[in-house]
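Pasted below: entry.cif, mmCIF, C-alpha atoms.
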data_data
loop_
_atom_site.label_atom_id
_atom_site.label_comp_id
_atom_site.auth_asym_id
_atom_site.auth_seq_id
_atom_site.Cartn_x
_atom_site.Cartn_y
_atom_site.Cartn_z
CA MET K 1 79.75 111.84 109.19
CA ALA K 2 81.90 110.34 106.41
CA LEU K 3 85.47 111.61 106.23
CA SER K 4 87.12 112.36 102.90
CA ARG K 5 90.10 110.25 101.93
CA ARG K 6 92.46 113.23 102.26
CA VAL K 7 91.20 114.04 105.75
CA LEU K 8 91.45 110.42 106.82
CA LEU K 9 94.98 110.10 105.46
CA GLY K 10 95.96 113.32 107.14
CA GLN K 11 95.03 111.87 110.50
CA LEU K 12 97.65 109.18 109.99
CA ALA K 13 100.52 111.64 110.20
CA ALA K 14 100.73 111.22 113.99
CA THR K 15 101.46 107.56 113.46
CA GLY K 16 104.39 108.47 111.25
CA ALA K 17 105.84 110.72 113.99
CA ALA K 18 105.90 107.81 116.40
CA ALA K 19 107.52 105.57 113.82
CA ALA K 20 110.29 108.08 113.10
CA THR K 21 112.33 106.99 116.12
CA VAL K 22 112.63 103.38 114.89
CA THR K 23 116.06 102.51 113.49
CA ALA K 24 116.18 98.74 113.86
CA ALA K 25 114.11 95.68 113.00
CA PRO K 26 110.82 95.65 114.95
CA ALA K 27 110.56 93.66 118.13
CA GLN K 28 108.34 90.62 117.82
CA ALA K 29 105.46 89.84 120.14
CA ALA K 30 104.97 86.32 121.44
CA PRO K 31 102.69 84.05 119.41
CA ARG K 32 99.27 83.26 120.79
CA PRO K 33 99.11 80.31 123.24
CA GLY K 34 99.45 77.02 121.42
CA GLY K 35 100.52 78.72 118.17
CA ARG K 36 103.84 78.68 116.37
CA ARG K 37 105.93 81.72 115.59
CA VAL K 38 105.50 82.27 111.87
CA ARG K 39 107.97 84.81 110.55
CA THR K 40 106.77 86.59 107.43
CA GLY K 41 108.97 87.52 104.52
CA PHE K 42 109.19 91.07 105.86
CA ASP K 43 110.19 89.81 109.32
CA ARG K 44 113.11 87.95 107.77
CA LEU K 45 114.08 90.80 105.45
CA ALA K 46 114.22 93.26 108.35
CA ALA K 47 116.04 90.84 110.64
CA ASP K 48 118.72 90.51 107.95
CA GLY K 49 119.22 94.26 107.89
CA TYR K 50 117.54 94.65 104.47
CA ARG K 51 120.68 93.30 102.81
CA LEU K 52 118.63 92.14 99.82
CA LEU K 53 117.83 95.81 99.16
CA ASP K 54 121.28 97.22 99.88
CA GLY K 55 122.17 100.19 97.68
CA GLN K 56 118.76 100.19 95.98
CA ARG K 57 116.09 102.85 95.70
CA VAL K 58 113.07 100.86 96.80
CA GLY K 59 109.38 101.15 95.98
CA ILE K 60 106.82 98.89 97.66
CA VAL K 61 103.43 97.61 96.53
CA THR K 62 101.42 97.20 99.72
CA ASN K 63 98.22 98.03 101.59
CA PRO K 64 96.97 97.96 105.22
CA THR K 65 97.89 94.25 105.53
CA GLY K 66 101.60 95.07 105.25
CA VAL K 67 102.15 95.08 109.01
CA THR K 68 104.58 93.70 111.55
CA ARG K 69 103.45 91.32 114.27
CA ASP K 70 102.85 94.28 116.57
CA LEU K 71 100.72 96.01 113.88
CA ARG K 72 103.11 98.72 112.73
CA HIS K 73 102.91 99.31 109.02
CA ILE K 74 106.03 98.18 107.20
CA VAL K 75 106.17 101.43 105.19
CA ASP K 76 106.39 103.42 108.42
CA VAL K 77 109.02 101.02 109.77
CA MET K 78 111.13 100.99 106.61
CA HIS K 79 110.90 104.74 106.10
CA ALA K 80 112.33 105.31 109.59
CA ASP K 81 115.15 102.76 109.20
CA ARG K 82 118.46 104.09 107.87
CA ARG K 83 119.41 100.69 106.50
CA VAL K 84 116.89 100.83 103.65
CA ARG K 85 116.22 103.57 101.10
CA LEU K 86 112.45 103.54 100.63
CA THR K 87 111.48 106.17 98.04
CA ALA K 88 108.00 105.30 96.76
CA VAL K 89 104.79 103.41 97.55
CA PHE K 90 102.42 101.80 95.04
CA GLY K 91 98.77 101.35 96.03
CA PRO K 92 96.53 98.52 94.70
CA GLU K 93 92.72 98.27 94.66
CA HIS K 94 91.29 99.91 97.82
CA GLY K 95 94.50 101.97 98.11
CA PHE K 96 97.70 101.92 100.12
CA ARG K 97 95.98 103.04 103.33
CA GLY K 98 92.77 101.13 102.45
CA THR K 99 90.28 103.99 102.25
CA ALA K 100 88.54 102.97 98.99
CA GLN K 101 85.67 100.51 98.48
CA ALA K 102 85.59 97.67 95.92
CA GLY K 103 86.49 98.84 92.42
CA GLY K 104 88.20 101.98 93.74
CA SER K 105 91.62 103.33 94.67
CA GLU K 106 93.18 106.34 96.35
CA GLY K 107 94.81 107.97 93.33
CA ARG K 108 98.18 109.74 93.32
CA TYR K 109 99.12 111.66 96.47
CA THR K 110 101.83 112.26 99.06
CA ASP K 111 101.52 110.11 102.17
CA PRO K 112 101.26 112.55 105.12
CA ALA K 113 102.75 110.06 107.60
CA THR K 114 106.03 109.60 105.71
CA GLY K 115 106.14 112.21 102.96
CA LEU K 116 106.57 109.45 100.40
CA PRO K 117 104.92 109.68 96.97
CA VAL K 118 102.10 107.16 96.56
CA TYR K 119 101.35 105.98 93.02
CA ASP K 120 98.09 104.34 92.01
CA THR K 121 98.51 100.92 90.33
CA TYR K 122 94.88 99.81 90.44
CA ASP K 123 93.74 98.30 87.14
CA LYS K 124 96.92 99.51 85.43
CA SER K 125 99.16 97.21 83.44
CA GLY K 126 101.64 97.06 80.58
CA ARG K 127 103.37 100.24 79.43
CA GLU K 128 101.19 102.48 81.64
CA LEU K 129 102.36 100.66 84.76
CA ALA K 130 105.95 100.41 83.53
CA ASP K 131 105.97 104.19 83.07
CA ILE K 132 104.81 104.62 86.68
CA PHE K 133 107.79 102.55 87.86
CA THR K 134 110.13 104.59 85.64
CA THR K 135 108.70 107.90 86.86
CA SER K 136 109.09 106.82 90.49
CA GLY K 137 112.84 106.40 90.03
CA VAL K 138 113.04 103.14 91.98
CA ASP K 139 115.54 100.38 91.24
CA THR K 140 113.65 97.57 92.99
CA VAL K 141 109.92 96.98 93.38
CA VAL K 142 108.90 95.05 96.52
CA PHE K 143 105.50 93.36 96.91
CA ASP K 144 103.99 92.62 100.34
CA ILE K 145 100.20 92.13 100.52
CA GLN K 146 98.08 89.53 102.34
CA ASP K 147 96.22 87.35 99.81
CA VAL K 148 93.14 85.20 100.56
CA GLY K 149 93.69 82.29 98.19
CA ALA K 150 91.10 82.91 95.43
CA ARG K 151 91.85 83.52 91.75
CA PHE K 152 89.51 86.49 91.49
CA TYR K 153 91.03 88.42 94.42
CA THR K 154 92.75 91.19 92.49
CA TYR K 155 95.94 91.55 94.52
CA ILE K 156 97.55 88.52 92.88
CA TRP K 157 96.93 90.08 89.46
CA THR K 158 98.43 93.35 90.68
CA LEU K 159 101.43 91.16 91.53
CA TYR K 160 101.41 89.68 88.03
CA ASP K 161 100.92 93.03 86.27
CA CYS K 162 103.71 94.59 88.33
CA MET K 163 106.07 91.73 87.43
CA VAL K 164 105.34 92.20 83.72
CA ALA K 165 105.76 95.98 84.02
CA ALA K 166 109.01 95.57 85.93
CA VAL K 167 110.46 93.69 82.96
CA ALA K 168 109.56 96.57 80.62
CA ALA K 169 110.93 99.16 83.06
CA GLY K 170 114.11 97.20 83.81
CA LYS K 171 113.43 96.87 87.55
CA ARG K 172 114.28 94.13 90.05
CA PHE K 173 111.30 92.53 91.76
CA VAL K 174 111.16 91.19 95.32
CA VAL K 175 108.17 89.36 96.82
CA LEU K 176 107.79 89.02 100.60
CA ASP K 177 105.68 86.07 101.68
CA ARG K 178 102.63 85.87 103.94
CA PRO K 179 100.39 82.87 104.69
CA ASN K 180 97.58 81.63 102.51
CA PRO K 181 94.96 82.06 105.26
CA VAL K 182 92.82 79.12 104.11
CA THR K 183 95.83 76.74 103.87
CA GLY K 184 97.90 75.67 100.91
CA ARG K 185 96.75 72.07 100.96
CA ALA K 186 95.13 71.83 97.54
CA ALA K 187 94.09 73.63 94.40
CA THR K 188 90.36 73.35 93.65
CA GLY K 189 87.80 74.64 91.18
CA PRO K 190 87.80 75.35 87.46
CA VAL K 191 90.92 76.62 85.69
CA LEU K 192 90.60 79.86 83.74
CA ASP K 193 90.33 79.78 79.95
CA ARG K 194 92.51 82.62 78.58
CA LYS K 195 89.63 83.78 76.38
CA TYR K 196 88.08 85.00 79.65
CA SER K 197 91.17 86.81 80.90
CA SER K 198 90.47 89.94 82.97
CA PHE K 199 91.63 91.68 86.14
CA VAL K 200 89.85 88.97 88.17
CA GLY K 201 91.90 86.32 86.37
CA ARG K 202 94.76 87.01 83.95
CA GLU K 203 96.14 83.49 83.51
CA PRO K 204 95.02 79.83 83.77
CA ILE K 205 95.13 78.98 87.45
CA SER K 206 92.40 77.30 89.48
CA GLN K 207 89.66 79.18 91.31
CA ALA K 208 91.19 78.33 94.71
CA HIS K 209 94.93 78.11 94.04
CA GLY K 210 96.28 76.85 97.36
CA MET K 211 99.51 78.85 97.05
CA THR K 212 101.27 81.70 98.83
CA VAL K 213 102.22 84.90 97.00
CA THR K 214 105.88 83.90 96.61
CA GLU K 215 104.81 80.56 95.17
CA LEU K 216 102.47 82.34 92.77
CA ALA K 217 105.24 84.78 91.82
CA ARG K 218 107.53 81.89 90.97
CA LEU K 219 104.78 80.19 88.95
CA PHE K 220 103.92 83.44 87.13
CA ASN K 221 107.60 84.01 86.31
CA GLY K 222 108.14 80.47 85.10
CA GLU K 223 104.92 79.98 83.13
CA PHE K 224 103.32 83.29 82.18
CA VAL K 225 105.48 86.43 82.41
CA PRO K 226 107.88 85.47 79.55
CA ARG K 227 104.94 84.94 77.19
CA VAL K 228 103.75 88.52 77.76
CA ALA K 229 106.97 90.40 78.59
CA GLY K 230 109.44 88.44 76.45
CA ARG K 231 111.50 87.23 79.39
CA PRO K 232 111.16 86.56 83.14
CA VAL K 233 111.48 89.39 85.60
CA ALA K 234 114.61 89.58 87.78
CA LEU K 235 112.80 87.97 90.73
CA GLU K 236 113.80 87.36 94.34
CA THR K 237 111.47 85.98 96.98
CA VAL K 238 111.70 85.92 100.77
CA ALA K 239 109.94 82.91 102.26
CA MET K 240 108.31 82.58 105.66
CA THR K 241 109.58 80.31 108.37
CA GLY K 242 107.30 78.32 110.65
CA TRP K 243 104.38 78.04 108.21
CA ARG K 244 102.94 74.67 107.22
CA ARG K 245 100.69 74.01 104.23
CA ALA K 246 97.88 72.73 106.44
CA ASP K 247 97.84 75.87 108.61
CA PHE K 248 94.76 78.04 108.74
CA PHE K 249 95.56 81.64 109.60
CA GLU K 250 94.76 81.32 113.30
CA ALA K 251 97.60 78.81 113.70
CA THR K 252 100.21 81.36 112.64
CA GLY K 253 99.97 83.71 115.63
CA LEU K 254 99.96 86.65 113.18
CA PRO K 255 97.41 89.48 113.44
CA TRP K 256 94.60 89.53 110.87
CA VAL K 257 94.13 92.86 109.12
CA PRO K 258 91.21 92.93 106.66
CA PRO K 259 92.81 92.87 103.18
CA SER K 260 89.78 94.71 101.76
CA PRO K 261 86.63 96.31 103.22
CA ASN K 262 84.48 93.23 102.58
CA MET K 263 87.01 90.70 103.91
CA PRO K 264 86.65 91.41 107.64
CA THR K 265 87.56 88.01 109.09
CA THR K 266 89.29 84.76 108.27
CA ASP K 267 85.81 83.19 108.19
CA THR K 268 85.09 85.43 105.20
CA ALA K 269 88.25 84.26 103.47
CA LEU K 270 87.29 80.64 104.08
CA VAL K 271 84.06 80.85 102.05
CA TYR K 272 85.07 83.55 99.57
CA ALA K 273 86.46 81.29 96.81
CA GLY K 274 82.96 79.82 96.40
CA THR K 275 80.42 82.43 97.42
CA CYS K 276 82.03 85.34 95.58
CA LEU K 277 80.44 83.70 92.52
CA PHE K 278 77.17 85.31 93.63
CA GLU K 279 78.61 88.62 92.44
CA GLY K 280 77.77 87.22 89.00
CA THR K 281 74.07 86.85 89.84
CA ASN K 282 71.25 89.13 90.93
CA LEU K 283 71.46 87.79 94.51
CA SER K 284 73.20 89.69 97.27
CA GLU K 285 76.58 88.26 98.22
CA GLY K 286 76.24 89.87 101.64
CA ARG K 287 77.98 93.17 100.92
CA GLY K 288 76.55 95.78 103.24
CA THR K 289 76.23 93.29 106.11
CA THR K 290 78.56 92.29 108.91
CA ARG K 291 79.02 88.82 107.31
CA PRO K 292 79.81 89.43 103.63
CA PHE K 293 80.04 86.24 101.51
CA GLU K 294 78.62 84.22 104.42
CA LEU K 295 75.15 85.75 103.99
CA LEU K 296 73.49 85.33 100.59
CA GLY K 297 69.97 86.26 99.55
CA ALA K 298 67.37 88.21 97.60
CA GLU K 299 63.78 89.43 97.85
CA GLY K 300 61.39 86.51 97.53
CA ILE K 301 63.75 83.81 98.84
CA ASP K 302 62.54 81.90 101.89
CA ARG K 303 63.38 78.80 103.96
CA ARG K 304 63.25 76.50 100.92
CA TRP K 305 66.76 77.51 99.81
CA ALA K 306 68.44 76.52 103.08
CA ALA K 307 66.49 73.26 103.04
CA ALA K 308 67.53 72.46 99.46
CA ALA K 309 71.18 73.28 100.16
CA THR K 310 71.14 71.10 103.27
CA GLU K 311 69.81 68.16 101.24
CA LEU K 312 72.99 68.21 99.12
CA GLY K 313 74.95 66.87 102.09
CA LEU K 314 77.95 69.11 101.39
CA PRO K 315 80.77 68.37 103.86
CA GLY K 316 81.83 70.69 106.64
CA VAL K 317 79.04 73.26 106.40
CA HIS K 318 75.53 73.92 107.68
CA PHE K 319 73.03 76.28 106.03
CA ARG K 320 70.75 78.45 108.15
CA GLU K 321 67.64 80.26 106.91
CA ALA K 322 68.47 83.95 107.30
CA TYR K 323 66.92 87.39 106.75
CA PHE K 324 68.93 90.60 106.56
CA VAL K 325 69.00 94.21 105.31
CA PRO K 326 72.11 95.24 103.32
CA THR K 327 73.24 98.78 104.10
CA PHE K 328 74.76 99.18 100.61
CA SER K 329 75.19 97.30 97.32
CA LYS K 330 72.39 94.98 96.09
CA PHE K 331 69.01 95.38 97.85
CA GLN K 332 70.27 98.32 99.89
CA GLY K 333 67.87 99.09 102.75
CA ARG K 334 65.48 96.23 101.90
CA THR K 335 64.73 93.10 103.90
CA ILE K 336 65.74 90.00 101.97
CA GLY K 337 65.77 86.28 102.66
CA GLY K 338 68.45 83.70 102.05
CA VAL K 339 71.03 81.58 103.81
CA GLN K 340 73.96 81.95 106.11
CA LEU K 341 76.85 79.50 105.81
CA HIS K 342 78.17 78.05 109.07
CA VAL K 343 81.41 76.11 108.50
CA HIS K 344 81.72 73.53 111.27
CA ASP K 345 84.62 71.46 109.85
CA ARG K 346 87.21 73.57 108.04
CA SER K 347 89.27 70.60 106.93
CA ALA K 348 86.31 68.95 105.17
CA PHE K 349 84.80 72.15 103.74
CA ASP K 350 85.27 72.79 99.99
CA PRO K 351 84.31 76.41 99.23
CA VAL K 352 84.11 76.05 95.45
CA ARG K 353 81.96 72.90 95.50
CA THR K 354 79.76 74.58 98.12
CA GLY K 355 79.38 77.70 95.98
CA ILE K 356 78.28 75.58 93.02
CA GLY K 357 75.75 73.72 95.19
CA LEU K 358 74.28 77.00 96.37
CA LEU K 359 73.97 78.30 92.82
CA VAL K 360 72.28 75.10 91.63
CA THR K 361 69.75 75.14 94.48
CA ALA K 362 69.10 78.91 94.32
CA ARG K 363 68.18 78.62 90.65
CA LYS K 364 65.80 75.76 91.41
CA VAL K 365 63.94 77.27 94.36
CA TRP K 366 63.74 80.96 93.34
CA LYS K 367 61.99 81.91 90.11
CA GLY K 368 63.58 85.39 90.17
CA PHE K 369 67.13 84.02 89.75
CA ALA K 370 69.17 85.72 87.00
CA TRP K 371 72.78 85.84 85.88
CA ARG K 372 75.08 88.79 85.38
CA ALA K 373 76.49 86.51 82.72
CA ASP K 374 79.55 88.46 81.58
CA HIS K 375 80.79 88.93 85.13
CA PHE K 376 79.95 85.40 86.24
CA ASP K 377 81.92 83.87 83.36
CA LEU K 378 84.95 85.99 84.26
CA LEU K 379 84.75 84.73 87.85
CA THR K 380 84.58 81.05 86.89
CA GLY K 381 86.98 81.51 84.00
CA SER K 382 84.68 80.26 81.23
CA ALA K 383 81.01 79.89 80.30
CA THR K 384 80.97 76.21 81.28
CA VAL K 385 79.64 76.44 84.82
CA ARG K 386 76.83 78.83 83.91
CA THR K 387 75.68 76.86 80.87
CA MET K 388 75.77 73.58 82.78
CA ILE K 389 73.61 75.02 85.57
CA ASP K 390 71.18 76.39 82.97
CA ALA K 391 71.03 72.92 81.40
CA GLY K 392 69.99 71.39 84.72
CA ALA K 393 73.31 69.75 85.71
CA GLY K 394 73.78 68.88 89.36
CA THR K 395 76.59 69.91 91.67
CA GLU K 396 78.69 66.76 91.30
CA GLU K 397 78.36 66.73 87.50
CA ILE K 398 79.59 70.32 87.32
CA VAL K 399 82.51 69.64 89.67
CA ALA K 400 83.46 66.60 87.59
CA ALA K 401 83.61 68.71 84.43
CA TRP K 402 86.65 70.70 85.54
CA GLN K 403 88.73 67.83 86.94
CA ASP K 404 90.91 67.24 83.85
CA GLY K 405 91.96 70.87 83.63
CA LEU K 406 92.48 71.00 87.37
CA ALA K 407 94.75 67.94 87.28
CA ARG K 408 96.93 69.61 84.64
CA PHE K 409 97.19 72.79 86.70
CA ARG K 410 98.04 70.83 89.84
CA ALA K 411 100.95 69.19 88.02
CA VAL K 412 102.31 72.61 87.01
CA ARG K 413 101.66 74.07 90.47
CA GLU K 414 103.63 71.28 92.15
CA ARG K 415 106.87 72.51 90.58
CA TYR K 416 106.61 75.87 92.32
CA LEU K 417 105.59 74.90 95.87
CA ARG K 418 108.19 75.67 98.51
CA TYR K 419 106.49 74.71 101.79
CA ARG K 420 106.09 70.96 102.26
#
Kindly return the structure encoded in the file as structure tokens.
Amino acid sequence: MALSRRVLLGQLAATGAAAATVTAAPAQAAPRPGGRRVRTGFDRLAADGYRLLDGQRVGIVTNPTGVTRDLRHIVDVMHADRRVRLTAVFGPEHGFRGTAQAGGSEGRYTDPATGLPVYDTYDKSGRELADIFTTSGVDTVVFDIQDVGARFYTYIWTLYDCMVAAVAAGKRFVVLDRPNPVTGRAATGPVLDRKYSSFVGREPISQAHGMTVTELARLFNGEFVPRVAGRPVALETVAMTGWRRADFFEATGLPWVPPSPNMPTTDTALVYAGTCLFEGTNLSEGRGTTRPFELLGAEGIDRRWAAAATELGLPGVHFREAYFVPTFSKFQGRTIGGVQLHVHDRSAFDPVRTGIGLLVTARKVWKGFAWRADHFDLLTGSATVRTMIDAGAGTEEIVAAWQDGLARFRAVRERYLRYR
């Protein structure tokens, strides 16, 4: 039986009772064997006695990924700690406690575990969002959410919108860092054209940005926020220690909490920057299966797609003929055919190039292929990829078309990187 959001949130109150006895920074568990101890921005903030927030009424933008190493939620920890004055929580897409599906939020309510007011920020921006910050009465807005490294993952645009709104509301802004789970080695993919700006891409960054949230915040504040808000936000960032740009998430020793309902594992995050493009087609992107974004398919597709994708010789990945029945979303309850991606060499794998190769081959082998053109163009950041595929361009020709714009973005990005 499905539980309502209110009932589900009510069951969390017991967790808050346990957290109420905590008055100091959380103890840290040992890293997994062979891993390094990566300390997140929150770990360092708490270890310093929250001095950065001293004397401030604090509101935090977070979700279920805002946890300590031992999986206590940072809102519960901060609320119980006398050294910090936490007075409000701001929930993004899927909500603060994570009870909403894609395209949804939890609305405005009082968190039963802490008694704190929770404000809904999902798909809000500008004056509307600034008014929420003003109504909340906070002095400083803190952001701590686990990103997955793709331009169209909406949390980074919640970050951006909140920074712009904080300028209008006269609030300080603090960003606590967490790892880019698919490394920060490189930026790849097409760069957004501002004519295609939306909540899945506000500003011209590449499809896979290769940055952490504090690096993005610094880039946003240096390049984009003043253009919209008139000046930069009063920004402070708290970096991690122990993280290296080449680290995949498993190397950090940190626990993985799904950032959204269809991002269950780090394997999902690895392919997402490429295969999320299938949201902009009539094929299933694997929602409603246990391997979203790794399983792709539609009625009428057979073994020919996996064979055609394999012939491309894309590095680091194998394609397996697969059949599956989505439990929701596209093709709900129907058996469909397609492919499953199996990444065998993470270092060689390029998710965006792979996503383009799969689109090119799907269109060739399946006569039922169709675009959701408006949405697809928002995901890629222009109409270029779609029109090139329609014109018969191959994978490498399409990838070559975005290299000049990507080189320009990489030069800008380099100025804001802080982990070497």
I'd like the interatomic distance between atom CA of Leu71 of chain K and atom CA of Ala239 of chain K, to a tenth of an Å.
19.8 Å
State, in Å with one decimal place, the distance from atom CA of Ile398 of chain K to atom CA of Pro351 of chain K.
14.2 Å
Within 12 Å of Val175 of chain K using all atoms listed in the file, minus same-chain residues under 4 positions, as JSON, numbers by chain:
{"K": [40, 41, 42, 45, 52, 53, 59, 60, 61, 62, 140, 141, 142, 143, 144, 145, 146, 156, 159, 160, 162, 163, 212, 213, 214, 215, 216, 217, 218, 221, 233, 234, 235, 236, 237, 238, 239, 240]}
Between atom CA of Asn180 of chain K and atom CA of Phe249 of chain K - distance in Å to one decimal
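Computing it gives 7.4 Å between the two atoms.
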Using all atoms listed in the file for the distances, tell me which of K:Phe248, K:Trp243, K:Phe90, K:Tyr416 is nearest to Arg37 of chain K.
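Distance minimum relative to Arg37 of chain K lands on K:Trp243.
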Name the residues in contact with Gly91 of chain K at a cut-off of 10 Å, using all atoms listed in the file, excluding same-chain residues fewer than 3 positions from it; report them as a list in words.
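Non-adjacent residues within range: Ile60, Val61, Thr62, Asn63, Pro64, His94, Gly95, Phe96, Arg97, Gly98, Ser105, Glu106, Gly107, Arg108, Val118, Tyr119, Asp120, Thr121, Tyr122 and Thr158 of chain K.
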Trp371 of chain K: which residues within 9 Å, counting all atoms listed in the file, same-chain residues fewer than 4 positions away excluded, as a list in words?
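The residues that qualify are Phe278, Gly280, Thr281, Asn282, Leu283, His375, Phe376 and Arg386 of chain K.
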Atoms to include: C-alpha atoms. Write the selected residues as an mmCIF file, in the coordinates of the input.
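selection_33.cif written:
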data_model
loop_
_atom_site.group_PDB
_atom_site.id
_atom_site.type_symbol
_atom_site.label_atom_id
_atom_site.label_comp_id
_atom_site.auth_asym_id
_atom_site.auth_seq_id
_atom_site.Cartn_x
_atom_site.Cartn_y
_atom_site.Cartn_z
ATOM 1 C CA PHE K 278 77.170 85.310 93.630
ATOM 2 C CA GLY K 280 77.770 87.220 89.000
ATOM 3 C CA THR K 281 74.070 86.850 89.840
ATOM 4 C CA ASN K 282 71.250 89.130 90.930
ATOM 5 C CA LEU K 283 71.460 87.790 94.510
ATOM 6 C CA HIS K 375 80.790 88.930 85.130
ATOM 7 C CA PHE K 376 79.950 85.400 86.240
ATOM 8 C CA ARG K 386 76.830 78.830 83.910
#
To test your reading of the syntax: which residues would the PyMOL selection byres ((chain K and resi 395) around 9) return for the file shown? Reply as a PyMOL selection string.
chain K and resi 312+353-354+356-360+389+393-394+396-400
What's the 6 Å shell around Gly274 of chain K, counting only C-alpha atoms, without same-chain residues fewer than 2 positions away, as a ChimeraX atom specification?
/K:271-272,276,351-352,355
Could you write those residues out with C-alpha atoms, as a PDB file, in the frame of the given file?
ATOM      1  CA  VAL K 271      84.060  80.850 102.050  1.00  0.00           C
ATOM      2  CA  TYR K 272      85.070  83.550  99.570  1.00  0.00           C
ATOM      3  CA  CYS K 276      82.030  85.340  95.580  1.00  0.00           C
ATOM      4  CA  PRO K 351      84.310  76.410  99.230  1.00  0.00           C
ATOM      5  CA  VAL K 352      84.110  76.050  95.450  1.00  0.00           C
ATOM      6  CA  GLY K 355      79.380  77.700  95.980  1.00  0.00           C
TER       7      GLY K 355
END
Using all atoms listed in the file, determine which residues lie at most 9 Å from segment 321-334 of chain K, disregarding the query and same-chain residues fewer than 4 positions distant; provide the list as a PyMOL selection string.
chain K and resi 282-289+295-299+302-307+338-340
Which of K:Ala411, K:Ile301, K:Val191, K:Ala348 sits closest to Gln207 of chain K [using all atoms listed in the file]
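Using all atoms listed in the file, the shortest distance to Gln207 of chain K belongs to K:Val191.
Each of K:Pro259, K:Leu378, K:Leu417, K:Leu86 was checked against Arg194 of chain K using all atoms listed in the file; the smallest atom-to-atom distance is that of K:Leu378.
Using only C-alpha atoms, the shortest contact distance between Ala383 of chain K and any of K:Arg127, K:Lys195, K:Arg291, K:Arg418 is found at K:Lys195.
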